[in-house]
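Novice: Pasting run.csv below, which is CSV, C-alpha atoms.
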```
chain,number,residue,atom,x,y,z
A,259,MET,CA,126.8,145.4,115.1
A,260,ARG,CA,126.2,144.4,118.7
A,261,THR,CA,126.1,140.7,119.5
A,262,TRP,CA,122.4,140.5,120.1
A,263,THR,CA,121.7,142.3,116.8
A,264,LYS,CA,123.9,139.8,115.0
A,265,CYS,CA,121.9,137.0,116.6
A,266,VAL,CA,118.6,138.5,115.5
A,267,VAL,CA,119.9,139.0,112.0
A,268,LEU,CA,121.4,135.5,111.9
A,269,SER,CA,118.1,134.0,113.2
A,270,ILE,CA,116.1,135.8,110.5
A,271,VAL,CA,118.5,134.7,107.8
A,272,ALA,CA,118.4,131.1,109.1
A,273,ALA,CA,114.6,131.2,109.1
A,274,MET,CA,114.6,132.4,105.5
A,275,VAL,CA,117.1,129.8,104.4
A,276,CYS,CA,115.4,127.0,106.2
A,277,GLY,CA,112.1,128.4,105.1
A,278,VAL,CA,109.3,125.8,105.3
A,279,ALA,CA,111.7,123.2,106.6
A,280,LEU,CA,111.4,124.8,110.1
A,281,ALA,CA,109.9,122.3,112.5
A,282,GLN,CA,106.2,123.1,112.7
A,283,PHE,CA,104.8,120.0,114.3
A,284,THR,CA,103.7,120.3,117.9
A,285,LYS,CA,104.2,116.6,118.7
A,286,PRO,CA,105.7,113.4,117.1
A,287,GLU,CA,102.2,111.9,116.5
A,288,GLU,CA,101.3,114.9,114.3
A,289,ALA,CA,104.5,114.6,112.3
A,290,ILE,CA,103.9,110.8,111.9
A,291,ASP,CA,100.3,111.4,110.7
A,292,TYR,CA,101.5,114.1,108.3
A,293,ARG,CA,104.3,112.0,106.7
A,294,GLN,CA,102.1,108.9,106.5
A,295,SER,CA,99.4,110.9,104.8
A,296,ALA,CA,101.9,112.2,102.2
A,297,MET,CA,103.0,108.6,101.6
A,298,VAL,CA,99.4,107.5,101.1
A,299,LEU,CA,98.9,110.1,98.4
A,300,ILE,CA,102.3,109.3,96.8
A,301,GLY,CA,101.5,105.6,96.9
A,302,GLN,CA,98.1,106.0,95.3
A,303,HIS,CA,99.3,108.1,92.4
A,304,PHE,CA,102.4,106.0,92.0
A,305,GLY,CA,100.2,102.9,91.9
A,306,ARG,CA,98.1,104.5,89.1
A,307,MET,CA,101.2,105.1,87.1
A,308,ALA,CA,102.5,101.6,87.8
A,309,ALA,CA,99.2,100.2,86.4
A,310,MET,CA,99.8,102.0,83.1
A,311,VAL,CA,103.6,101.2,83.0
A,312,LYS,CA,102.7,97.5,83.4
A,313,GLY,CA,99.9,97.7,80.8
A,314,GLU,CA,97.2,96.8,83.3
A,315,ARG,CA,95.5,100.0,82.4
A,316,PRO,CA,95.7,101.8,79.0
A,317,TYR,CA,98.3,104.6,78.9
A,318,ASN,CA,96.6,108.0,79.0
A,319,LYS,CA,99.0,110.9,78.7
A,320,ALA,CA,96.9,113.5,80.6
A,321,GLU,CA,96.1,111.0,83.4
A,322,PHE,CA,99.7,109.8,83.7
A,323,ALA,CA,101.0,113.4,83.7
A,324,HIS,CA,98.5,114.3,86.4
A,325,ASN,CA,99.7,111.4,88.6
A,326,ALA,CA,103.3,112.3,88.0
A,327,ALA,CA,102.7,115.9,88.9
A,328,VAL,CA,101.0,114.9,92.2
A,329,VAL,CA,103.8,112.6,93.1
A,330,GLN,CA,106.4,115.3,92.3
A,331,MET,CA,104.6,117.9,94.4
A,332,VAL,CA,103.8,115.7,97.4
A,333,SER,CA,107.3,114.2,97.4
A,334,GLU,CA,108.6,117.7,98.3
A,335,LEU,CA,106.6,117.8,101.5
A,336,PRO,CA,107.2,115.2,104.2
A,337,TRP,CA,110.9,115.2,105.0
A,338,ASP,CA,111.0,117.6,107.9
A,339,ALA,CA,108.2,115.5,109.4
A,340,PHE,CA,110.4,112.4,109.2
A,341,MET,CA,113.2,114.4,111.0
A,342,MET,CA,111.2,115.3,114.0
A,343,ALA,CA,112.8,114.3,117.3
A,344,GLY,CA,111.1,111.5,119.0
A,345,SER,CA,109.1,110.4,115.9
A,346,ALA,CA,110.8,107.0,115.5
A,347,LYS,CA,108.6,105.6,118.2
A,348,GLY,CA,104.8,104.8,118.2
A,349,GLU,CA,102.7,104.2,115.1
A,350,THR,CA,105.5,104.4,112.6
A,351,LYS,CA,107.6,102.1,110.5
A,352,MET,CA,110.5,104.5,110.4
A,353,LYS,CA,113.8,103.1,111.6
A,354,ALA,CA,115.5,105.1,114.3
A,355,ALA,CA,118.6,105.2,112.0
A,356,ALA,CA,116.8,107.9,109.9
A,357,LEU,CA,117.2,110.4,112.8
A,358,THR,CA,120.8,109.5,113.4
A,359,GLU,CA,121.8,109.5,109.7
A,360,LYS,CA,120.0,112.7,108.9
A,361,ASP,CA,122.3,113.7,106.0
A,362,LYS,CA,122.0,110.4,104.3
A,363,PHE,CA,118.3,110.3,104.8
A,364,MET,CA,117.9,113.8,103.4
A,365,ALA,CA,120.2,112.9,100.4
A,366,ASP,CA,117.8,109.9,99.7
A,367,ALA,CA,114.8,112.3,99.9
A,368,GLU,CA,116.5,114.7,97.5
A,369,LYS,CA,117.2,111.9,95.1
A,370,LEU,CA,113.4,111.0,95.1
A,371,GLU,CA,112.5,114.7,94.5
A,372,THR,CA,115.0,114.8,91.6
A,373,GLU,CA,113.7,111.6,90.0
A,374,THR,CA,110.0,112.5,90.4
A,375,ARG,CA,110.7,115.9,88.8
A,376,LYS,CA,112.3,114.1,85.8
A,377,LEU,CA,109.3,111.7,85.7
A,378,ALA,CA,106.9,114.7,85.6
A,379,GLU,CA,108.9,116.1,82.7
A,380,ALA,CA,108.9,112.8,80.8
A,381,ALA,CA,105.2,112.5,81.5
A,382,ASP,CA,104.5,115.9,80.0
A,383,ALA,CA,106.6,115.0,76.9
A,384,GLY,CA,104.7,111.8,76.5
A,385,ASP,CA,107.3,109.3,75.2
A,386,LEU,CA,106.1,106.1,76.8
A,387,ASN,CA,109.5,104.3,76.6
A,388,ALA,CA,111.2,107.3,78.3
A,389,ILE,CA,108.4,107.4,80.8
A,390,LYS,CA,108.9,103.7,81.7
A,391,ALA,CA,112.6,104.2,82.1
A,392,GLN,CA,112.2,107.2,84.4
A,393,PHE,CA,109.4,105.5,86.3
A,394,ASN,CA,111.9,102.8,87.2
A,395,GLU,CA,114.3,105.4,88.5
A,396,VAL,CA,111.6,106.7,90.8
A,397,ALA,CA,110.8,103.2,92.0
A,398,ASN,CA,114.5,102.7,92.7
A,399,ALA,CA,114.6,106.0,94.7
A,400,CYS,CA,111.7,104.8,96.8
A,401,LYS,CA,113.4,101.4,97.4
A,402,LEU,CA,116.7,103.0,98.3
A,403,CYS,CA,115.2,104.9,101.2
A,404,HIS,CA,112.7,102.2,102.3
A,405,THR,CA,115.5,99.6,102.5
A,406,SER,CA,117.6,101.8,104.8
A,407,TYR,CA,115.0,103.5,106.9
A,408,ARG,CA,111.7,101.7,106.8
A,409,ASN,CA,110.7,98.6,108.8
A,410,LYS,CA,108.7,96.0,107.0
B,70,MET,CA,80.1,105.1,61.9
B,71,ARG,CA,78.8,101.7,63.1
B,72,THR,CA,77.3,101.6,66.5
B,73,TRP,CA,80.1,99.8,68.2
B,74,THR,CA,82.6,102.3,66.8
B,75,LYS,CA,80.5,105.1,68.1
B,76,CYS,CA,80.5,103.4,71.5
B,77,VAL,CA,84.3,103.1,71.5
B,78,VAL,CA,84.8,106.7,70.4
B,79,LEU,CA,82.3,107.9,73.0
B,80,SER,CA,84.0,105.9,75.7
B,81,ILE,CA,87.3,107.3,74.8
B,82,VAL,CA,85.9,110.9,74.8
B,83,ALA,CA,84.2,110.2,78.1
B,84,ALA,CA,87.4,108.9,79.6
B,85,MET,CA,89.3,112.0,78.4
B,86,VAL,CA,86.6,114.4,79.8
B,87,CYS,CA,86.3,112.6,83.1
B,88,GLY,CA,90.1,112.2,83.1
B,89,VAL,CA,91.5,111.8,86.6
B,90,ALA,CA,88.0,111.9,88.1
B,91,LEU,CA,87.5,108.3,87.0
B,92,ALA,CA,87.1,106.0,90.0
B,93,GLN,CA,90.4,104.4,90.6
B,94,PHE,CA,90.1,103.1,94.1
B,95,THR,CA,89.7,99.4,94.4
B,96,LYS,CA,87.8,99.4,97.7
B,97,PRO,CA,86.0,102.0,100.0
B,98,GLU,CA,88.8,101.7,102.7
B,99,GLU,CA,91.3,102.8,100.1
B,100,ALA,CA,89.2,105.8,99.1
B,101,ILE,CA,88.7,106.7,102.8
B,102,ASP,CA,92.4,106.5,103.6
B,103,TYR,CA,93.2,108.7,100.5
B,104,ARG,CA,90.7,111.4,101.3
B,105,GLN,CA,91.6,111.5,105.0
B,106,SER,CA,95.3,111.8,104.0
B,107,ALA,CA,94.5,114.7,101.8
B,108,MET,CA,92.6,116.3,104.6
B,109,VAL,CA,95.6,115.8,107.0
B,110,LEU,CA,97.8,117.7,104.6
B,111,ILE,CA,95.3,120.4,104.1
B,112,GLY,CA,94.7,120.7,107.8
B,113,GLN,CA,98.4,121.0,108.6
B,114,HIS,CA,99.1,123.7,106.1
B,115,PHE,CA,95.8,125.5,106.8
B,116,GLY,CA,96.8,125.5,110.5
B,117,ARG,CA,100.2,127.0,109.7
B,118,MET,CA,98.5,129.8,107.8
B,119,ALA,CA,96.0,130.3,110.7
B,120,ALA,CA,98.8,130.8,113.1
B,121,MET,CA,100.1,133.6,111.0
B,122,VAL,CA,96.7,135.1,110.4
B,123,LYS,CA,96.0,135.1,114.1
B,124,GLY,CA,99.5,136.6,114.9
B,125,GLU,CA,100.6,133.5,116.9
B,126,ARG,CA,103.5,133.2,114.5
B,127,PRO,CA,105.1,136.1,112.6
B,128,TYR,CA,103.9,136.5,109.0
B,129,ASN,CA,106.5,135.2,106.5
B,130,LYS,CA,105.5,135.8,102.9
B,131,ALA,CA,107.4,132.8,101.4
B,132,GLU,CA,106.2,130.4,104.1
B,133,PHE,CA,102.6,131.6,103.9
B,134,ALA,CA,102.7,131.3,100.1
B,135,HIS,CA,104.1,127.8,100.3
B,136,ASN,CA,101.3,126.7,102.7
B,137,ALA,CA,98.7,128.3,100.4
B,138,ALA,CA,100.1,126.6,97.4
B,139,VAL,CA,100.0,123.2,99.1
B,140,VAL,CA,96.4,123.7,100.2
B,141,GLN,CA,95.4,124.8,96.7
B,142,MET,CA,97.1,121.8,95.1
B,143,VAL,CA,95.8,119.2,97.6
B,144,SER,CA,92.3,120.6,97.6
B,145,GLU,CA,92.0,119.5,94.0
B,146,LEU,CA,92.6,115.9,94.8
B,147,PRO,CA,90.2,114.1,97.1
B,148,TRP,CA,86.7,114.6,95.7
B,149,ASP,CA,86.3,111.5,93.7
B,150,ALA,CA,87.5,109.6,96.7
B,151,PHE,CA,84.6,111.0,98.7
B,152,MET,CA,82.2,110.0,96.0
B,153,MET,CA,83.1,106.3,96.0
B,154,ALA,CA,80.1,104.1,96.5
B,155,GLY,CA,80.0,102.4,99.9
B,156,SER,CA,82.5,104.8,101.4
B,157,ALA,CA,80.1,106.4,103.9
B,158,LYS,CA,80.5,103.4,106.2
B,159,GLY,CA,83.5,102.3,108.3
B,160,GLU,CA,86.3,104.5,109.6
B,161,THR,CA,84.9,107.8,108.2
B,162,LYS,CA,83.1,110.9,109.4
B,163,MET,CA,81.5,111.5,106.1
B,164,LYS,CA,77.7,111.6,106.2
B,165,ALA,CA,75.8,109.4,103.8
B,166,ALA,CA,74.1,112.5,102.5
B,167,ALA,CA,77.3,113.3,100.6
B,168,LEU,CA,76.7,110.4,98.3
B,169,THR,CA,73.0,111.1,97.7
B,170,GLU,CA,73.6,114.9,97.2
B,171,LYS,CA,76.5,114.5,94.9
B,172,ASP,CA,75.9,117.7,92.9
B,173,LYS,CA,75.7,119.9,96.0
B,174,PHE,CA,78.7,118.2,97.5
B,175,MET,CA,80.8,118.7,94.4
B,176,ALA,CA,79.6,122.3,94.2
B,177,ASP,CA,81.0,122.8,97.8
B,178,ALA,CA,84.2,121.1,96.7
B,179,GLU,CA,84.4,123.5,93.7
B,180,LYS,CA,83.9,126.4,96.0
B,181,LEU,CA,86.8,125.3,98.2
B,182,GLU,CA,89.0,125.0,95.1
B,183,THR,CA,88.1,128.5,93.9
B,184,GLU,CA,88.7,130.1,97.3
B,185,THR,CA,92.0,128.3,97.8
B,186,ARG,CA,93.1,129.4,94.4
B,187,LYS,CA,92.4,133.0,95.3
B,188,LEU,CA,94.2,132.6,98.6
B,189,ALA,CA,97.3,131.3,96.8
B,190,GLU,CA,97.1,134.4,94.5
B,191,ALA,CA,96.7,136.7,97.5
B,192,ALA,CA,99.6,135.0,99.3
B,193,ASP,CA,101.9,135.5,96.3
B,194,ALA,CA,100.9,139.2,96.1
B,195,GLY,CA,101.7,139.5,99.9
B,196,ASP,CA,99.1,142.1,101.1
B,197,LEU,CA,98.4,140.8,104.6
B,198,ASN,CA,95.0,142.4,104.9
B,199,ALA,CA,93.9,140.9,101.6
B,200,ILE,CA,95.4,137.6,102.7
B,201,LYS,CA,93.4,137.6,106.0
B,202,ALA,CA,90.2,138.4,104.2
B,203,GLN,CA,90.7,135.6,101.7
B,204,PHE,CA,91.8,133.2,104.4
B,205,ASN,CA,88.4,133.7,106.0
B,206,GLU,CA,86.7,132.8,102.7
B,207,VAL,CA,88.6,129.5,102.6
B,208,ALA,CA,87.7,128.8,106.2
B,209,ASN,CA,84.0,129.5,105.3
B,210,ALA,CA,84.3,127.1,102.4
B,211,CYS,CA,85.7,124.4,104.7
B,212,LYS,CA,82.8,125.0,107.2
B,213,LEU,CA,80.2,125.0,104.5
B,214,CYS,CA,81.0,121.4,103.5
B,215,HIS,CA,81.8,120.1,107.0
B,216,THR,CA,78.5,121.4,108.3
B,217,SER,CA,76.5,119.5,105.6
B,218,TYR,CA,78.6,116.4,105.1
B,219,ARG,CA,80.9,115.7,108.1
B,220,ASN,CA,79.9,114.1,111.4
B,221,LYS,CA,81.4,115.6,114.5
```
For this file, write the structure as structure tokens.
Specialist:
Amino acid sequence: MRTWTKCVVLSIVAAMVCGVALAQFTKPEEAIDYRQSAMVLIGQHFGRMAAMVKGERPYNKAEFAHNAAVVQMVSELPWDAFMMAGSAKGETKMKAAALTEKDKFMADAEKLETETRKLAEAADAGDLNAIKAQFNEVANACKLCHTSYRNK
Amino acid sequence: MRTWTKCVVLSIVAAMVCGVALAQFTKPEEAIDYRQSAMVLIGQHFGRMAAMVKGERPYNKAEFAHNAAVVQMVSELPWDAFMMAGSAKGETKMKAAALTEKDKFMADAEKLETETRKLAEAADAGDLNAIKAQFNEVANACKLCHTSYRNK
């Protein structure tokens, strides 16, 4: 294969592997808006679960499972938006360290995805004690990343 | 059954039927923030599909299907947030008519959900002509509601 052909093939493979993680935001403000929006949805549905975990609202299996499914699904979305170059400035609470510690940041993100997936499974199963334990794991995963990469 | 028992049972049934549609926002600003966040996500992923439909980006089946799945999933979320009493004021483009024409608004929302579901199916199948046709149906569903209920 000629060099340019190899480059084309490699580019296609890279695009397939990276898939949706390819940077698609045209400017930092757009990436910031997107990731904050994802966090608003996560926060809202996490809060609804928290109210049931704390007993402030009665536990409802279907409702809890819906909230857990939304958090799981949305928690898969915003990480490439956080990694956009130049997006640690402006209307954001993200610390610049997130961009320089990309591997650690992405490991934290992966941790959240894993824990939210487990919570969605526990929510479907419906054992409230198991749900509460896994809810705490999700909360810890949130804190882990916020402590390192989010300004107060 | 005594009357109060009937009331309790009916309340439980109502809660189950209404499920996640039960108002859970504590104030209008929270509902506005939530629905705008959902629209940011929908807009971003709709835009990514639009770029492929228009040929500005090469069509990639997996990427398109991911975008369609996100739009489908998020398009199920924000309607109760739009219906919150008092949320036609403040930092929102929603026309007050949305609250007084709830049935029509919700029918428009249902239309969007139906069309985005069909788009996700077409995206999974991967026939680009069918995808383009269904993408236009989704765009029309967006416009339908924006024309009636969104200020410019």
Novice: Please superimpose chain B upon chain A, fitting all C-alpha atoms matched one to one in order, and report the result as a CSV table (one decimal) with C-alpha atoms, keeping the file's coordinate frame.
Specialist:
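Listed below is the output, superposed-v4.csv:
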```csv
chain,number,residue,atom,x,y,z
B,70,MET,CA,126.5,145.8,114.7
B,71,ARG,CA,126.1,144.9,118.4
B,72,THR,CA,126.0,141.3,119.2
B,73,TRP,CA,122.3,141.0,119.9
B,74,THR,CA,121.6,142.7,116.6
B,75,LYS,CA,123.8,140.3,114.9
B,76,CYS,CA,121.9,137.4,116.6
B,77,VAL,CA,118.5,138.8,115.4
B,78,VAL,CA,119.7,139.3,111.9
B,79,LEU,CA,121.3,135.8,111.8
B,80,SER,CA,118.1,134.3,113.1
B,81,ILE,CA,116.1,136.0,110.6
B,82,VAL,CA,118.5,134.8,107.8
B,83,ALA,CA,118.4,131.4,109.2
B,84,ALA,CA,114.7,131.3,109.3
B,85,MET,CA,114.5,132.5,105.6
B,86,VAL,CA,117.1,129.8,104.5
B,87,CYS,CA,115.5,127.0,106.4
B,88,GLY,CA,112.1,128.4,105.4
B,89,VAL,CA,109.4,125.7,105.4
B,90,ALA,CA,111.9,123.1,106.7
B,91,LEU,CA,111.5,124.6,110.1
B,92,ALA,CA,110.0,122.2,112.6
B,93,GLN,CA,106.4,123.0,112.8
B,94,PHE,CA,104.8,119.9,114.3
B,95,THR,CA,103.8,120.2,117.9
B,96,LYS,CA,104.2,116.5,118.8
B,97,PRO,CA,105.7,113.3,117.1
B,98,GLU,CA,102.2,111.8,116.5
B,99,GLU,CA,101.4,114.9,114.4
B,100,ALA,CA,104.6,114.5,112.4
B,101,ILE,CA,103.9,110.8,111.9
B,102,ASP,CA,100.3,111.3,110.7
B,103,TYR,CA,101.6,114.1,108.2
B,104,ARG,CA,104.3,112.0,106.7
B,105,GLN,CA,102.1,108.8,106.5
B,106,SER,CA,99.4,111.0,104.8
B,107,ALA,CA,101.9,112.2,102.3
B,108,MET,CA,103.0,108.7,101.6
B,109,VAL,CA,99.3,107.6,101.1
B,110,LEU,CA,99.0,110.2,98.4
B,111,ILE,CA,102.2,109.3,96.8
B,112,GLY,CA,101.4,105.6,96.9
B,113,GLN,CA,98.0,106.1,95.3
B,114,HIS,CA,99.3,108.1,92.4
B,115,PHE,CA,102.5,106.0,92.0
B,116,GLY,CA,100.2,103.0,91.8
B,117,ARG,CA,98.0,104.6,89.1
B,118,MET,CA,101.2,105.2,87.1
B,119,ALA,CA,102.4,101.6,87.7
B,120,ALA,CA,99.2,100.3,86.3
B,121,MET,CA,99.8,102.1,83.1
B,122,VAL,CA,103.5,101.2,83.0
B,123,LYS,CA,102.7,97.6,83.4
B,124,GLY,CA,99.8,97.8,80.7
B,125,GLU,CA,97.1,96.9,83.3
B,126,ARG,CA,95.4,100.1,82.4
B,127,PRO,CA,95.7,101.9,79.0
B,128,TYR,CA,98.3,104.7,78.9
B,129,ASN,CA,96.6,108.2,79.0
B,130,LYS,CA,99.0,111.0,78.7
B,131,ALA,CA,97.0,113.6,80.6
B,132,GLU,CA,96.2,111.2,83.4
B,133,PHE,CA,99.7,109.9,83.7
B,134,ALA,CA,101.0,113.5,83.7
B,135,HIS,CA,98.6,114.4,86.5
B,136,ASN,CA,99.7,111.5,88.6
B,137,ALA,CA,103.4,112.4,88.0
B,138,ALA,CA,102.7,116.0,88.9
B,139,VAL,CA,101.0,115.0,92.2
B,140,VAL,CA,103.9,112.6,93.2
B,141,GLN,CA,106.5,115.3,92.3
B,142,MET,CA,104.6,117.9,94.4
B,143,VAL,CA,103.9,115.7,97.4
B,144,SER,CA,107.4,114.2,97.4
B,145,GLU,CA,108.7,117.6,98.4
B,146,LEU,CA,106.7,117.8,101.5
B,147,PRO,CA,107.2,115.2,104.2
B,148,TRP,CA,111.0,115.2,105.0
B,149,ASP,CA,111.0,117.5,107.9
B,150,ALA,CA,108.2,115.5,109.4
B,151,PHE,CA,110.4,112.4,109.3
B,152,MET,CA,113.2,114.2,111.0
B,153,MET,CA,111.2,115.2,114.1
B,154,ALA,CA,112.9,114.1,117.3
B,155,GLY,CA,111.1,111.3,119.0
B,156,SER,CA,109.1,110.3,115.9
B,157,ALA,CA,110.8,106.9,115.5
B,158,LYS,CA,108.5,105.5,118.2
B,159,GLY,CA,104.8,104.7,118.2
B,160,GLU,CA,102.6,104.1,115.2
B,161,THR,CA,105.4,104.3,112.6
B,162,LYS,CA,107.6,102.0,110.4
B,163,MET,CA,110.4,104.4,110.3
B,164,LYS,CA,113.7,103.0,111.7
B,165,ALA,CA,115.5,105.0,114.3
B,166,ALA,CA,118.5,105.0,112.0
B,167,ALA,CA,116.7,107.7,110.0
B,168,LEU,CA,117.2,110.1,112.8
B,169,THR,CA,120.8,109.3,113.5
B,170,GLU,CA,121.8,109.3,109.7
B,171,LYS,CA,120.0,112.5,108.9
B,172,ASP,CA,122.4,113.5,106.1
B,173,LYS,CA,122.1,110.2,104.3
B,174,PHE,CA,118.4,110.1,104.8
B,175,MET,CA,117.9,113.6,103.4
B,176,ALA,CA,120.2,112.7,100.5
B,177,ASP,CA,117.8,109.8,99.7
B,178,ALA,CA,114.9,112.2,100.0
B,179,GLU,CA,116.7,114.6,97.6
B,180,LYS,CA,117.2,111.8,95.2
B,181,LEU,CA,113.5,110.9,95.2
B,182,GLU,CA,112.7,114.6,94.5
B,183,THR,CA,115.1,114.7,91.5
B,184,GLU,CA,113.8,111.5,90.0
B,185,THR,CA,110.1,112.5,90.4
B,186,ARG,CA,110.9,115.8,88.8
B,187,LYS,CA,112.3,114.1,85.8
B,188,LEU,CA,109.3,111.7,85.7
B,189,ALA,CA,106.9,114.7,85.6
B,190,GLU,CA,109.0,116.2,82.7
B,191,ALA,CA,109.0,112.8,80.9
B,192,ALA,CA,105.2,112.5,81.4
B,193,ASP,CA,104.6,115.9,80.0
B,194,ALA,CA,106.7,115.1,76.9
B,195,GLY,CA,104.7,111.8,76.5
B,196,ASP,CA,107.3,109.3,75.2
B,197,LEU,CA,106.1,106.1,76.8
B,198,ASN,CA,109.5,104.4,76.6
B,199,ALA,CA,111.2,107.3,78.2
B,200,ILE,CA,108.4,107.4,80.8
B,201,LYS,CA,108.8,103.7,81.7
B,202,ALA,CA,112.6,104.1,82.1
B,203,GLN,CA,112.2,107.1,84.4
B,204,PHE,CA,109.4,105.4,86.3
B,205,ASN,CA,111.9,102.7,87.2
B,206,GLU,CA,114.3,105.4,88.5
B,207,VAL,CA,111.6,106.7,90.8
B,208,ALA,CA,110.8,103.2,92.0
B,209,ASN,CA,114.5,102.6,92.7
B,210,ALA,CA,114.6,105.9,94.7
B,211,CYS,CA,111.6,104.7,96.7
B,212,LYS,CA,113.3,101.3,97.4
B,213,LEU,CA,116.6,102.9,98.2
B,214,CYS,CA,115.1,104.8,101.2
B,215,HIS,CA,112.7,102.1,102.3
B,216,THR,CA,115.4,99.5,102.4
B,217,SER,CA,117.6,101.7,104.8
B,218,TYR,CA,114.9,103.4,106.8
B,219,ARG,CA,111.5,101.6,106.8
B,220,ASN,CA,110.6,98.5,108.8
B,221,LYS,CA,108.6,95.9,107.0
```
Novice: Go through A:Asn409, A:Asn398, A:Phe340, A:Phe283 one by one, measure the shortest atom-to-atom distance of each to Glu373 (chain A) using only C-alpha atoms, and give the residue with the smallest value.
Specialist: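 Of the candidates, the smallest distance to Glu373 (chain A) is held by A:Asn398.
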Novice: Would you compute the distance between CA of Ala365 (chain A) and CA of Trp337 (chain A)? Give it in Å to one decimal.
Specialist: 10.6 Å
Novice: Please measure the separation of CA of Asp193 (chain B) and CA of Lys130 (chain B), giving the value in Å to one decimal.
Specialist: 7.5 Å
Novice: What residues in chain B lie within 12 Å of chain A, counting only C-alpha atoms, written as a PDB file with C-alpha atoms, in the frame of the given file?
Specialist:
```pdb
ATOM      1  CA  ILE B  81      87.300 107.300  74.800  1.00  0.00           C
ATOM      2  CA  VAL B  82      85.900 110.900  74.800  1.00  0.00           C
ATOM      3  CA  ALA B  84      87.400 108.900  79.600  1.00  0.00           C
ATOM      4  CA  MET B  85      89.300 112.000  78.400  1.00  0.00           C
ATOM      5  CA  VAL B  86      86.600 114.400  79.800  1.00  0.00           C
ATOM      6  CA  CYS B  87      86.300 112.600  83.100  1.00  0.00           C
ATOM      7  CA  GLY B  88      90.100 112.200  83.100  1.00  0.00           C
ATOM      8  CA  VAL B  89      91.500 111.800  86.600  1.00  0.00           C
ATOM      9  CA  ALA B  90      88.000 111.900  88.100  1.00  0.00           C
ATOM     10  CA  LEU B  91      87.500 108.300  87.000  1.00  0.00           C
ATOM     11  CA  ALA B  92      87.100 106.000  90.000  1.00  0.00           C
ATOM     12  CA  GLN B  93      90.400 104.400  90.600  1.00  0.00           C
ATOM     13  CA  PHE B  94      90.100 103.100  94.100  1.00  0.00           C
ATOM     14  CA  THR B  95      89.700  99.400  94.400  1.00  0.00           C
ATOM     15  CA  GLU B  99      91.300 102.800 100.100  1.00  0.00           C
ATOM     16  CA  ALA B 100      89.200 105.800  99.100  1.00  0.00           C
ATOM     17  CA  ILE B 101      88.700 106.700 102.800  1.00  0.00           C
ATOM     18  CA  ASP B 102      92.400 106.500 103.600  1.00  0.00           C
ATOM     19  CA  TYR B 103      93.200 108.700 100.500  1.00  0.00           C
ATOM     20  CA  ARG B 104      90.700 111.400 101.300  1.00  0.00           C
ATOM     21  CA  GLN B 105      91.600 111.500 105.000  1.00  0.00           C
ATOM     22  CA  SER B 106      95.300 111.800 104.000  1.00  0.00           C
ATOM     23  CA  ALA B 107      94.500 114.700 101.800  1.00  0.00           C
ATOM     24  CA  MET B 108      92.600 116.300 104.600  1.00  0.00           C
ATOM     25  CA  VAL B 109      95.600 115.800 107.000  1.00  0.00           C
ATOM     26  CA  LEU B 110      97.800 117.700 104.600  1.00  0.00           C
ATOM     27  CA  ILE B 111      95.300 120.400 104.100  1.00  0.00           C
ATOM     28  CA  GLY B 112      94.700 120.700 107.800  1.00  0.00           C
ATOM     29  CA  GLN B 113      98.400 121.000 108.600  1.00  0.00           C
ATOM     30  CA  HIS B 114      99.100 123.700 106.100  1.00  0.00           C
ATOM     31  CA  GLY B 116      96.800 125.500 110.500  1.00  0.00           C
ATOM     32  CA  ARG B 117     100.200 127.000 109.700  1.00  0.00           C
ATOM     33  CA  MET B 118      98.500 129.800 107.800  1.00  0.00           C
ATOM     34  CA  ALA B 120      98.800 130.800 113.100  1.00  0.00           C
ATOM     35  CA  ARG B 126     103.500 133.200 114.500  1.00  0.00           C
ATOM     36  CA  PRO B 127     105.100 136.100 112.600  1.00  0.00           C
ATOM     37  CA  TYR B 128     103.900 136.500 109.000  1.00  0.00           C
ATOM     38  CA  ASN B 129     106.500 135.200 106.500  1.00  0.00           C
ATOM     39  CA  LYS B 130     105.500 135.800 102.900  1.00  0.00           C
ATOM     40  CA  ALA B 131     107.400 132.800 101.400  1.00  0.00           C
ATOM     41  CA  GLU B 132     106.200 130.400 104.100  1.00  0.00           C
ATOM     42  CA  PHE B 133     102.600 131.600 103.900  1.00  0.00           C
ATOM     43  CA  ALA B 134     102.700 131.300 100.100  1.00  0.00           C
ATOM     44  CA  HIS B 135     104.100 127.800 100.300  1.00  0.00           C
ATOM     45  CA  ASN B 136     101.300 126.700 102.700  1.00  0.00           C
ATOM     46  CA  ALA B 137      98.700 128.300 100.400  1.00  0.00           C
ATOM     47  CA  ALA B 138     100.100 126.600  97.400  1.00  0.00           C
ATOM     48  CA  VAL B 139     100.000 123.200  99.100  1.00  0.00           C
ATOM     49  CA  VAL B 140      96.400 123.700 100.200  1.00  0.00           C
ATOM     50  CA  GLN B 141      95.400 124.800  96.700  1.00  0.00           C
ATOM     51  CA  MET B 142      97.100 121.800  95.100  1.00  0.00           C
ATOM     52  CA  VAL B 143      95.800 119.200  97.600  1.00  0.00           C
ATOM     53  CA  SER B 144      92.300 120.600  97.600  1.00  0.00           C
ATOM     54  CA  GLU B 145      92.000 119.500  94.000  1.00  0.00           C
ATOM     55  CA  LEU B 146      92.600 115.900  94.800  1.00  0.00           C
ATOM     56  CA  PRO B 147      90.200 114.100  97.100  1.00  0.00           C
ATOM     57  CA  ALA B 150      87.500 109.600  96.700  1.00  0.00           C
TER      58      ALA B 150
END
```
Novice: As an exercise, work out the distance from CA of Leu213 (chain B) to CA of Glu190 (chain B) in Å and give it to one decimal place.
Specialist: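 Computed distance, CA of Leu213 (chain B) to CA of Glu190 (chain B), equals 21.8 Å.
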Novice: Residues within 8 Å of Leu188 (chain B), please, as a JSON list (two decimals) with C-alpha atoms, in the frame of the given file. Count all atoms listed in the file; anything in the same chain fewer than 6 positions from it doesn't count.
Specialist:
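The new file around-v8.json reads:
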```
[["chain", "number", "residue", "atom", "x", "y", "z"],
["B", 137, "ALA", "CA", 98.70, 128.30, 100.40],
["B", 200, "ILE", "CA", 95.40, 137.60, 102.70],
["B", 203, "GLN", "CA", 90.70, 135.60, 101.70],
["B", 204, "PHE", "CA", 91.80, 133.20, 104.40],
["B", 207, "VAL", "CA", 88.60, 129.50, 102.60]]
```
